[in-house]
Amino acid sequence: MTTETVLAAKNIVKELGRGAGKVMALKGVDLDLVRGELTLLMGPSGSGKTTFLSILGCIMAPTAGDLTVAGQSTDGLDPEELAVLRRDHIGFIFQSYNLFPTLSALENVRISLDVRGQKGYKAARRSEDVLREVGLGHRLKNYPNNLSGGEQQRVAVARAIVLSPSIVLADEPTAALDGENGNAVMELLARIAHEQGRSVLAVTHDPRTLPFADRVVRIEDGLIVGEERRPEGLDAPEITDLTKRRKAHA
């Protein structure tokens with residue numbers, strides 16, 4: 001596994017609100033993401049994890065601290081420059097899928113290429129290939145209301161990776177899914193990290209995602225409070241078994 005750092009966040013502080021209502025959502029958070037690794041950012045509601053994800057995705061600016069994406073500092077970048085950095089290097093996956101209901105699965109993926117000026121046969125072929133990669137080659141022409149929740153989330157995954165971003169950020173990707181579909185999505189995210197050499201970060205409070213992680217970072221009250229890493233040489237099925245055994249002896 002390569003250890004190339006593709007995102008580095010140093011001492012990130014974020015204040016929300018003003019005056020008496022001001023809240024310190026992040027209190028000096030550090031995080032590095034490397035290629036080929038699936039990281040989980042876990043914490044209770046209100047811990048700051050979604051705010052941190054928005055900052056890592058260049059959607060929200062930090063109050064203080066340094067963020068570097070693909071070797072480029074975000075300090076001093078205007079909204080248009082941040083949008084370009086986000087478009088070129090970051091793919092997003094949302095809890096609620098955020099698919100266009102009037103577009104087919106193929107069209108929902110292809111729109112990411114359209115906004116970058118990639119059109120025509122090559123764009124259509126690339127979109128189709130990515131949907132096949134996520135197991136939806138038989139659902140290319142289906143609209144979201146004809147897809148299951150798991151299938152809709154896989155379309156969202158395909159849309160996030162069609163531009164080959166170095167970083168994939170997922171916000172509660174399994175929260176709206178049952179166990180089987182949630183596992184399928186996490187297996188897909190792990191494969192994207194390991195086989196395609198991307199850095200994948202999933203914000204979650206779902207314990208079912210733990211067996212798929214290379215690293216688990218825990219956040220509480222705006223601070224990183226712990227980090228766990230999968231022991232070297234231990235693959236996902238073994239971790240699943242260990243998790244089940246821990247539960248059995250709890």
# chains A, B, ... in the order shown; residues from 1 in each chain; ligands from 1
>>> residues_around(residues="region 84-87 of chain A", least_positions_apart="6", cutoff="8 Å", atoms="only C-alpha atoms", output="list in words")
Gly57, Cys58 and Val69 of chain A
>>> write_last_selection(atoms="all heavy atoms", output="short mmCIF file (atom, residue, chain, number, x, y, z; two decimals), in the first residue's frame")
data_model
loop_
_atom_site.label_atom_id
_atom_site.label_comp_id
_atom_site.auth_asym_id
_atom_site.auth_seq_id
_atom_site.Cartn_x
_atom_site.Cartn_y
_atom_site.Cartn_z
N GLY A 57 -13.67 18.82 2.10
CA GLY A 57 -14.18 18.84 0.74
C GLY A 57 -14.18 20.21 0.09
O GLY A 57 -14.71 20.38 -1.01
N CYS A 58 -13.58 21.19 0.76
CA CYS A 58 -13.47 22.56 0.22
C CYS A 58 -14.84 23.20 0.00
O CYS A 58 -15.00 24.07 -0.87
CB CYS A 58 -12.66 22.58 -1.08
SG CYS A 58 -10.99 21.94 -0.93
N VAL A 69 -4.70 19.97 -0.41
CA VAL A 69 -5.36 18.94 -1.22
C VAL A 69 -4.52 18.71 -2.47
O VAL A 69 -4.25 19.64 -3.23
CB VAL A 69 -6.78 19.38 -1.61
CG1 VAL A 69 -7.43 18.32 -2.51
CG2 VAL A 69 -7.63 19.61 -0.37
#
>>> select_by_dssp(residues="region 18-108 of chain A", states="strand (DSSP E or B)", output="VMD selection string")
chain A and resid 23 to 34 37 to 42 64 to 69 72 to 73 90 to 93
>>> write_last_selection(atoms="N, CA and C atoms", output="PDB file, in the first residue's frame")
ATOM      1  N   VAL A  23     -20.290  28.895  18.519  1.00  0.00           N
ATOM      2  CA  VAL A  23     -19.911  27.546  18.934  1.00  0.00           C
ATOM      3  C   VAL A  23     -18.593  27.183  18.271  1.00  0.00           C
ATOM      4  N   MET A  24     -17.682  26.588  19.034  1.00  0.00           N
ATOM      5  CA  MET A  24     -16.426  26.097  18.486  1.00  0.00           C
ATOM      6  C   MET A  24     -16.654  24.661  18.025  1.00  0.00           C
ATOM      7  N   ALA A  25     -16.962  24.497  16.728  1.00  0.00           N
ATOM      8  CA  ALA A  25     -17.292  23.165  16.209  1.00  0.00           C
ATOM      9  C   ALA A  25     -16.065  22.280  16.094  1.00  0.00           C
ATOM     10  N   LEU A  26     -14.926  22.857  15.727  1.00  0.00           N
ATOM     11  CA  LEU A  26     -13.660  22.124  15.629  1.00  0.00           C
ATOM     12  C   LEU A  26     -12.612  22.912  16.401  1.00  0.00           C
ATOM     13  N   LYS A  27     -11.803  22.213  17.186  1.00  0.00           N
ATOM     14  CA  LYS A  27     -10.924  22.884  18.150  1.00  0.00           C
ATOM     15  C   LYS A  27      -9.442  22.600  17.913  1.00  0.00           C
ATOM     16  N   GLY A  28      -9.078  22.424  16.633  1.00  0.00           N
ATOM     17  CA  GLY A  28      -7.680  22.135  16.311  1.00  0.00           C
ATOM     18  C   GLY A  28      -7.500  20.683  15.933  1.00  0.00           C
ATOM     19  N   VAL A  29      -7.982  20.324  14.743  1.00  0.00           N
ATOM     20  CA  VAL A  29      -8.035  18.935  14.304  1.00  0.00           C
ATOM     21  C   VAL A  29      -6.980  18.685  13.232  1.00  0.00           C
ATOM     22  N   ASP A  30      -6.261  17.584  13.360  1.00  0.00           N
ATOM     23  CA  ASP A  30      -5.269  17.158  12.376  1.00  0.00           C
ATOM     24  C   ASP A  30      -5.712  15.848  11.741  1.00  0.00           C
ATOM     25  N   LEU A  31      -5.513  15.730  10.435  1.00  0.00           N
ATOM     26  CA  LEU A  31      -5.818  14.471   9.752  1.00  0.00           C
ATOM     27  C   LEU A  31      -5.080  14.414   8.422  1.00  0.00           C
ATOM     28  N   ASP A  32      -4.393  13.314   8.160  1.00  0.00           N
ATOM     29  CA  ASP A  32      -3.782  13.054   6.863  1.00  0.00           C
ATOM     30  C   ASP A  32      -4.502  11.881   6.210  1.00  0.00           C
ATOM     31  N   LEU A  33      -4.752  11.983   4.899  1.00  0.00           N
ATOM     32  CA  LEU A  33      -5.329  10.889   4.131  1.00  0.00           C
ATOM     33  C   LEU A  33      -4.325  10.450   3.094  1.00  0.00           C
ATOM     34  N   VAL A  34      -4.155   9.134   2.946  1.00  0.00           N
ATOM     35  CA  VAL A  34      -3.195   8.590   1.985  1.00  0.00           C
ATOM     36  C   VAL A  34      -3.908   7.728   0.963  1.00  0.00           C
ATOM     37  N   GLU A  37      -6.297   3.718   1.056  1.00  0.00           N
ATOM     38  CA  GLU A  37      -6.761   3.462   2.408  1.00  0.00           C
ATOM     39  C   GLU A  37      -8.199   3.943   2.598  1.00  0.00           C
ATOM     40  N   LEU A  38      -8.993   3.132   3.268  1.00  0.00           N
ATOM     41  CA  LEU A  38     -10.352   3.502   3.651  1.00  0.00           C
ATOM     42  C   LEU A  38     -10.347   3.892   5.124  1.00  0.00           C
ATOM     43  N   THR A  39     -10.636   5.162   5.382  1.00  0.00           N
ATOM     44  CA  THR A  39     -10.656   5.702   6.736  1.00  0.00           C
ATOM     45  C   THR A  39     -12.084   6.005   7.145  1.00  0.00           C
ATOM     46  N   LEU A  40     -12.444   5.655   8.358  1.00  0.00           N
ATOM     47  CA  LEU A  40     -13.727   6.033   8.931  1.00  0.00           C
ATOM     48  C   LEU A  40     -13.506   7.146   9.937  1.00  0.00           C
ATOM     49  N   LEU A  41     -14.324   8.192   9.855  1.00  0.00           N
ATOM     50  CA  LEU A  41     -14.353   9.248  10.862  1.00  0.00           C
ATOM     51  C   LEU A  41     -15.643   9.059  11.646  1.00  0.00           C
ATOM     52  N   MET A  42     -15.506   8.637  12.904  1.00  0.00           N
ATOM     53  CA  MET A  42     -16.668   8.254  13.694  1.00  0.00           C
ATOM     54  C   MET A  42     -16.809   9.150  14.912  1.00  0.00           C
ATOM     55  N   ALA A  64      -9.491  28.754  11.146  1.00  0.00           N
ATOM     56  CA  ALA A  64      -8.035  28.764  11.253  1.00  0.00           C
ATOM     57  C   ALA A  64      -7.524  27.374  10.908  1.00  0.00           C
ATOM     58  N   GLY A  65      -6.227  27.291  10.598  1.00  0.00           N
ATOM     59  CA  GLY A  65      -5.628  26.012  10.254  1.00  0.00           C
ATOM     60  C   GLY A  65      -5.278  25.935   8.785  1.00  0.00           C
ATOM     61  N   ASP A  66      -4.601  24.863   8.409  1.00  0.00           N
ATOM     62  CA  ASP A  66      -4.109  24.685   7.044  1.00  0.00           C
ATOM     63  C   ASP A  66      -4.673  23.411   6.429  1.00  0.00           C
ATOM     64  N   LEU A  67      -5.131  23.511   5.185  1.00  0.00           N
ATOM     65  CA  LEU A  67      -5.628  22.363   4.426  1.00  0.00           C
ATOM     66  C   LEU A  67      -4.897  22.301   3.095  1.00  0.00           C
ATOM     67  N   THR A  68      -4.317  21.151   2.806  1.00  0.00           N
ATOM     68  CA  THR A  68      -3.629  20.928   1.538  1.00  0.00           C
ATOM     69  C   THR A  68      -4.286  19.756   0.822  1.00  0.00           C
ATOM     70  N   VAL A  69      -4.695  19.966  -0.413  1.00  0.00           N
ATOM     71  CA  VAL A  69      -5.357  18.938  -1.218  1.00  0.00           C
ATOM     72  C   VAL A  69      -4.523  18.708  -2.471  1.00  0.00           C
ATOM     73  N   GLN A  72      -1.765  21.114  -3.006  1.00  0.00           N
ATOM     74  CA  GLN A  72      -2.085  22.532  -3.133  1.00  0.00           C
ATOM     75  C   GLN A  72      -2.772  23.036  -1.870  1.00  0.00           C
ATOM     76  N   SER A  73      -2.230  24.091  -1.305  1.00  0.00           N
ATOM     77  CA  SER A  73      -2.852  24.709  -0.140  1.00  0.00           C
ATOM     78  C   SER A  73      -4.119  25.435  -0.556  1.00  0.00           C
ATOM     79  N   ILE A  90     -11.707  15.719  -5.840  1.00  0.00           N
ATOM     80  CA  ILE A  90     -12.558  15.179  -4.780  1.00  0.00           C
ATOM     81  C   ILE A  90     -13.885  14.683  -5.349  1.00  0.00           C
ATOM     82  N   GLY A  91     -14.260  13.472  -4.973  1.00  0.00           N
ATOM     83  CA  GLY A  91     -15.574  12.929  -5.307  1.00  0.00           C
ATOM     84  C   GLY A  91     -16.410  12.823  -4.042  1.00  0.00           C
ATOM     85  N   PHE A  92     -17.702  13.165  -4.133  1.00  0.00           N
ATOM     86  CA  PHE A  92     -18.584  13.168  -2.969  1.00  0.00           C
ATOM     87  C   PHE A  92     -19.659  12.090  -3.097  1.00  0.00           C
ATOM     88  N   ILE A  93     -19.951  11.466  -1.951  1.00  0.00           N
ATOM     89  CA  ILE A  93     -21.065  10.518  -1.850  1.00  0.00           C
ATOM     90  C   ILE A  93     -21.914  10.974  -0.666  1.00  0.00           C
TER      91      ILE A  93
END
>>> residues_around(residues="Gly43 (chain A)", least_positions_apart="2", cutoff="7 Å", atoms="only C-alpha atoms", output="mmCIF file with all heavy atoms, in the first residue's frame")
data_model
loop_
_atom_site.group_PDB
_atom_site.id
_atom_site.type_symbol
_atom_site.label_atom_id
_atom_site.label_comp_id
_atom_site.auth_asym_id
_atom_site.auth_seq_id
_atom_site.Cartn_x
_atom_site.Cartn_y
_atom_site.Cartn_z
ATOM 1 N N LEU A 41 -14.324 8.192 9.855
ATOM 2 C CA LEU A 41 -14.353 9.248 10.862
ATOM 3 C C LEU A 41 -15.643 9.059 11.646
ATOM 4 O O LEU A 41 -16.735 9.281 11.129
ATOM 5 C CB LEU A 41 -14.303 10.626 10.213
ATOM 6 C CG LEU A 41 -14.317 11.825 11.173
ATOM 7 C CD1 LEU A 41 -13.065 11.828 12.049
ATOM 8 C CD2 LEU A 41 -14.431 13.136 10.393
ATOM 9 N N SER A 45 -23.494 12.429 17.245
ATOM 10 C CA SER A 45 -24.104 13.625 16.674
ATOM 11 C C SER A 45 -23.595 14.858 17.414
ATOM 12 O O SER A 45 -23.507 14.874 18.641
ATOM 13 C CB SER A 45 -25.624 13.530 16.801
ATOM 14 O OG SER A 45 -26.243 14.683 16.300
ATOM 15 N N SER A 47 -20.533 16.041 17.119
ATOM 16 C CA SER A 47 -19.101 15.931 17.420
ATOM 17 C C SER A 47 -18.228 16.771 16.504
ATOM 18 O O SER A 47 -17.048 16.980 16.781
ATOM 19 C CB SER A 47 -18.657 14.467 17.340
ATOM 20 O OG SER A 47 -18.869 13.961 16.025
ATOM 21 N N LYS A 49 -18.037 16.029 13.063
ATOM 22 C CA LYS A 49 -17.546 15.237 11.936
ATOM 23 C C LYS A 49 -18.061 15.731 10.594
ATOM 24 O O LYS A 49 -17.301 15.763 9.607
ATOM 25 C CB LYS A 49 -17.862 13.747 12.132
ATOM 26 C CG LYS A 49 -19.312 13.379 12.282
ATOM 27 C CD LYS A 49 -19.450 11.888 12.610
ATOM 28 C CE LYS A 49 -20.907 11.450 12.617
ATOM 29 N NZ LYS A 49 -21.681 12.115 13.700
ATOM 30 N N HIS A 205 -21.584 6.995 11.912
ATOM 31 C CA HIS A 205 -21.724 6.522 13.282
ATOM 32 C C HIS A 205 -22.256 5.090 13.276
ATOM 33 O O HIS A 205 -22.688 4.571 14.305
ATOM 34 C CB HIS A 205 -22.662 7.437 14.092
ATOM 35 C CG HIS A 205 -24.067 7.477 13.567
ATOM 36 N ND1 HIS A 205 -24.484 8.388 12.648
ATOM 37 C CD2 HIS A 205 -25.134 6.703 13.852
ATOM 38 C CE1 HIS A 205 -25.767 8.180 12.367
ATOM 39 N NE2 HIS A 205 -26.186 7.161 13.095
ATOM 40 N N ARG A 218 -11.568 8.702 15.634
ATOM 41 C CA ARG A 218 -12.729 9.034 16.462
ATOM 42 C C ARG A 218 -12.672 10.500 16.880
ATOM 43 O O ARG A 218 -11.623 10.993 17.312
ATOM 44 C CB ARG A 218 -12.793 8.113 17.682
ATOM 45 C CG ARG A 218 -12.932 6.640 17.273
ATOM 46 C CD ARG A 218 -13.198 5.734 18.460
ATOM 47 N NE ARG A 218 -13.236 4.338 18.032
ATOM 48 C CZ ARG A 218 -14.298 3.720 17.554
ATOM 49 N NH1 ARG A 218 -15.445 4.379 17.448
ATOM 50 N NH2 ARG A 218 -14.246 2.445 17.185
ATOM 51 N N ILE A 219 -13.811 11.180 16.731
ATOM 52 C CA ILE A 219 -13.916 12.597 17.041
ATOM 53 C C ILE A 219 -15.036 12.824 18.044
ATOM 54 O O ILE A 219 -16.100 12.214 17.956
ATOM 55 C CB ILE A 219 -14.146 13.418 15.746
ATOM 56 C CG1 ILE A 219 -14.114 14.926 16.034
ATOM 57 C CG2 ILE A 219 -15.440 13.010 15.045
ATOM 58 C CD1 ILE A 219 -14.103 15.774 14.774
ATOM 59 N N GLU A 220 -14.768 13.664 19.027
ATOM 60 C CA GLU A 220 -15.780 14.036 20.022
ATOM 61 C C GLU A 220 -15.577 15.501 20.400
ATOM 62 O O GLU A 220 -14.434 15.942 20.604
ATOM 63 C CB GLU A 220 -15.667 13.169 21.287
ATOM 64 C CG GLU A 220 -16.059 11.719 21.089
ATOM 65 C CD GLU A 220 -15.980 10.920 22.372
ATOM 66 O OE1 GLU A 220 -15.869 11.551 23.454
ATOM 67 O OE2 GLU A 220 -16.019 9.682 22.304
#
>>> atom_distance(atom1="CA of Arg230 (chain A)", atom2="CA of Arg208 (chain A)")
15.3 Å
>>> closest_residue(among="A:Glu4, A:Arg198, A:Ser104, A:Ser127", to="Gly71 (chain A)", atoms="only C-alpha atoms")
A:Glu4
>>> closest_residue(among="A:Lys14, A:Ser199, A:Glu128, A:Pro173", to="His89 (chain A)", atoms="only C-alpha atoms")
A:Ser199
>>> closest_residue(among="A:Glu15, A:Glu195, A:Glu80, A:Asp206", to="Asn183 (chain A)", atoms="only C-alpha atoms")
A:Asp206
>>> atom_distance(atom1="CA of Ile55 (chain A)", atom2="CA of Ile12 (chain A)")
8.8 Å
>>> closest_residue(among="A:Glu107, A:Asp75, A:Glu133, A:Glu172", to="Thr204 (chain A)", atoms="only C-alpha atoms")
A:Glu172
>>> atom_distance(atom1="CA of Glu228 (chain A)", atom2="CA of Val200 (chain A)")
15.9 Å
>>> closest_atom_pairs(of="region 30-117 of chain A", to="region 142-158 of chain A", cutoff="12 Å", atoms="only C-alpha atoms", output="Markdown table")
| residue | atom | partner | partner_atom | distance |
| --- | --- | --- | --- | --- |
| A:Gly91 | CA | A:Val157 | CA | 8.5 |
| A:Phe92 | CA | A:Val157 | CA | 8.0 |
| A:Ile93 | CA | A:Ala156 | CA | 6.0 |
| A:Phe94 | CA | A:Ala156 | CA | 7.6 |
| A:Gln95 | CA | A:Gln153 | CA | 8.1 |
| A:Ser96 | CA | A:Gln153 | CA | 8.2 |
| A:Tyr97 | CA | A:Gln153 | CA | 5.6 |
| A:Asn98 | CA | A:Ala156 | CA | 7.5 |
| A:Leu99 | CA | A:Pro144 | CA | 7.0 |
| A:Phe100 | CA | A:Pro144 | CA | 7.6 |
| A:Pro101 | CA | A:Pro144 | CA | 5.7 |
| A:Thr102 | CA | A:Tyr143 | CA | 6.9 |
| A:Leu103 | CA | A:Tyr143 | CA | 6.1 |
| A:Ser104 | CA | A:Tyr143 | CA | 4.3 |
| A:Ala105 | CA | A:Asn142 | CA | 5.8 |
| A:Leu106 | CA | A:Asn142 | CA | 8.2 |
| A:Glu107 | CA | A:Tyr143 | CA | 9.2 |
| A:Asn108 | CA | A:Val155 | CA | 7.6 |
| A:Val109 | CA | A:Ala158 | CA | 6.4 |
| A:Arg110 | CA | A:Ala158 | CA | 9.6 |
| A:Ile111 | CA | A:Ala158 | CA | 11.4 |
| A:Ser112 | CA | A:Ala158 | CA | 10.0 |
| A:Leu113 | CA | A:Ala158 | CA | 11.6 |
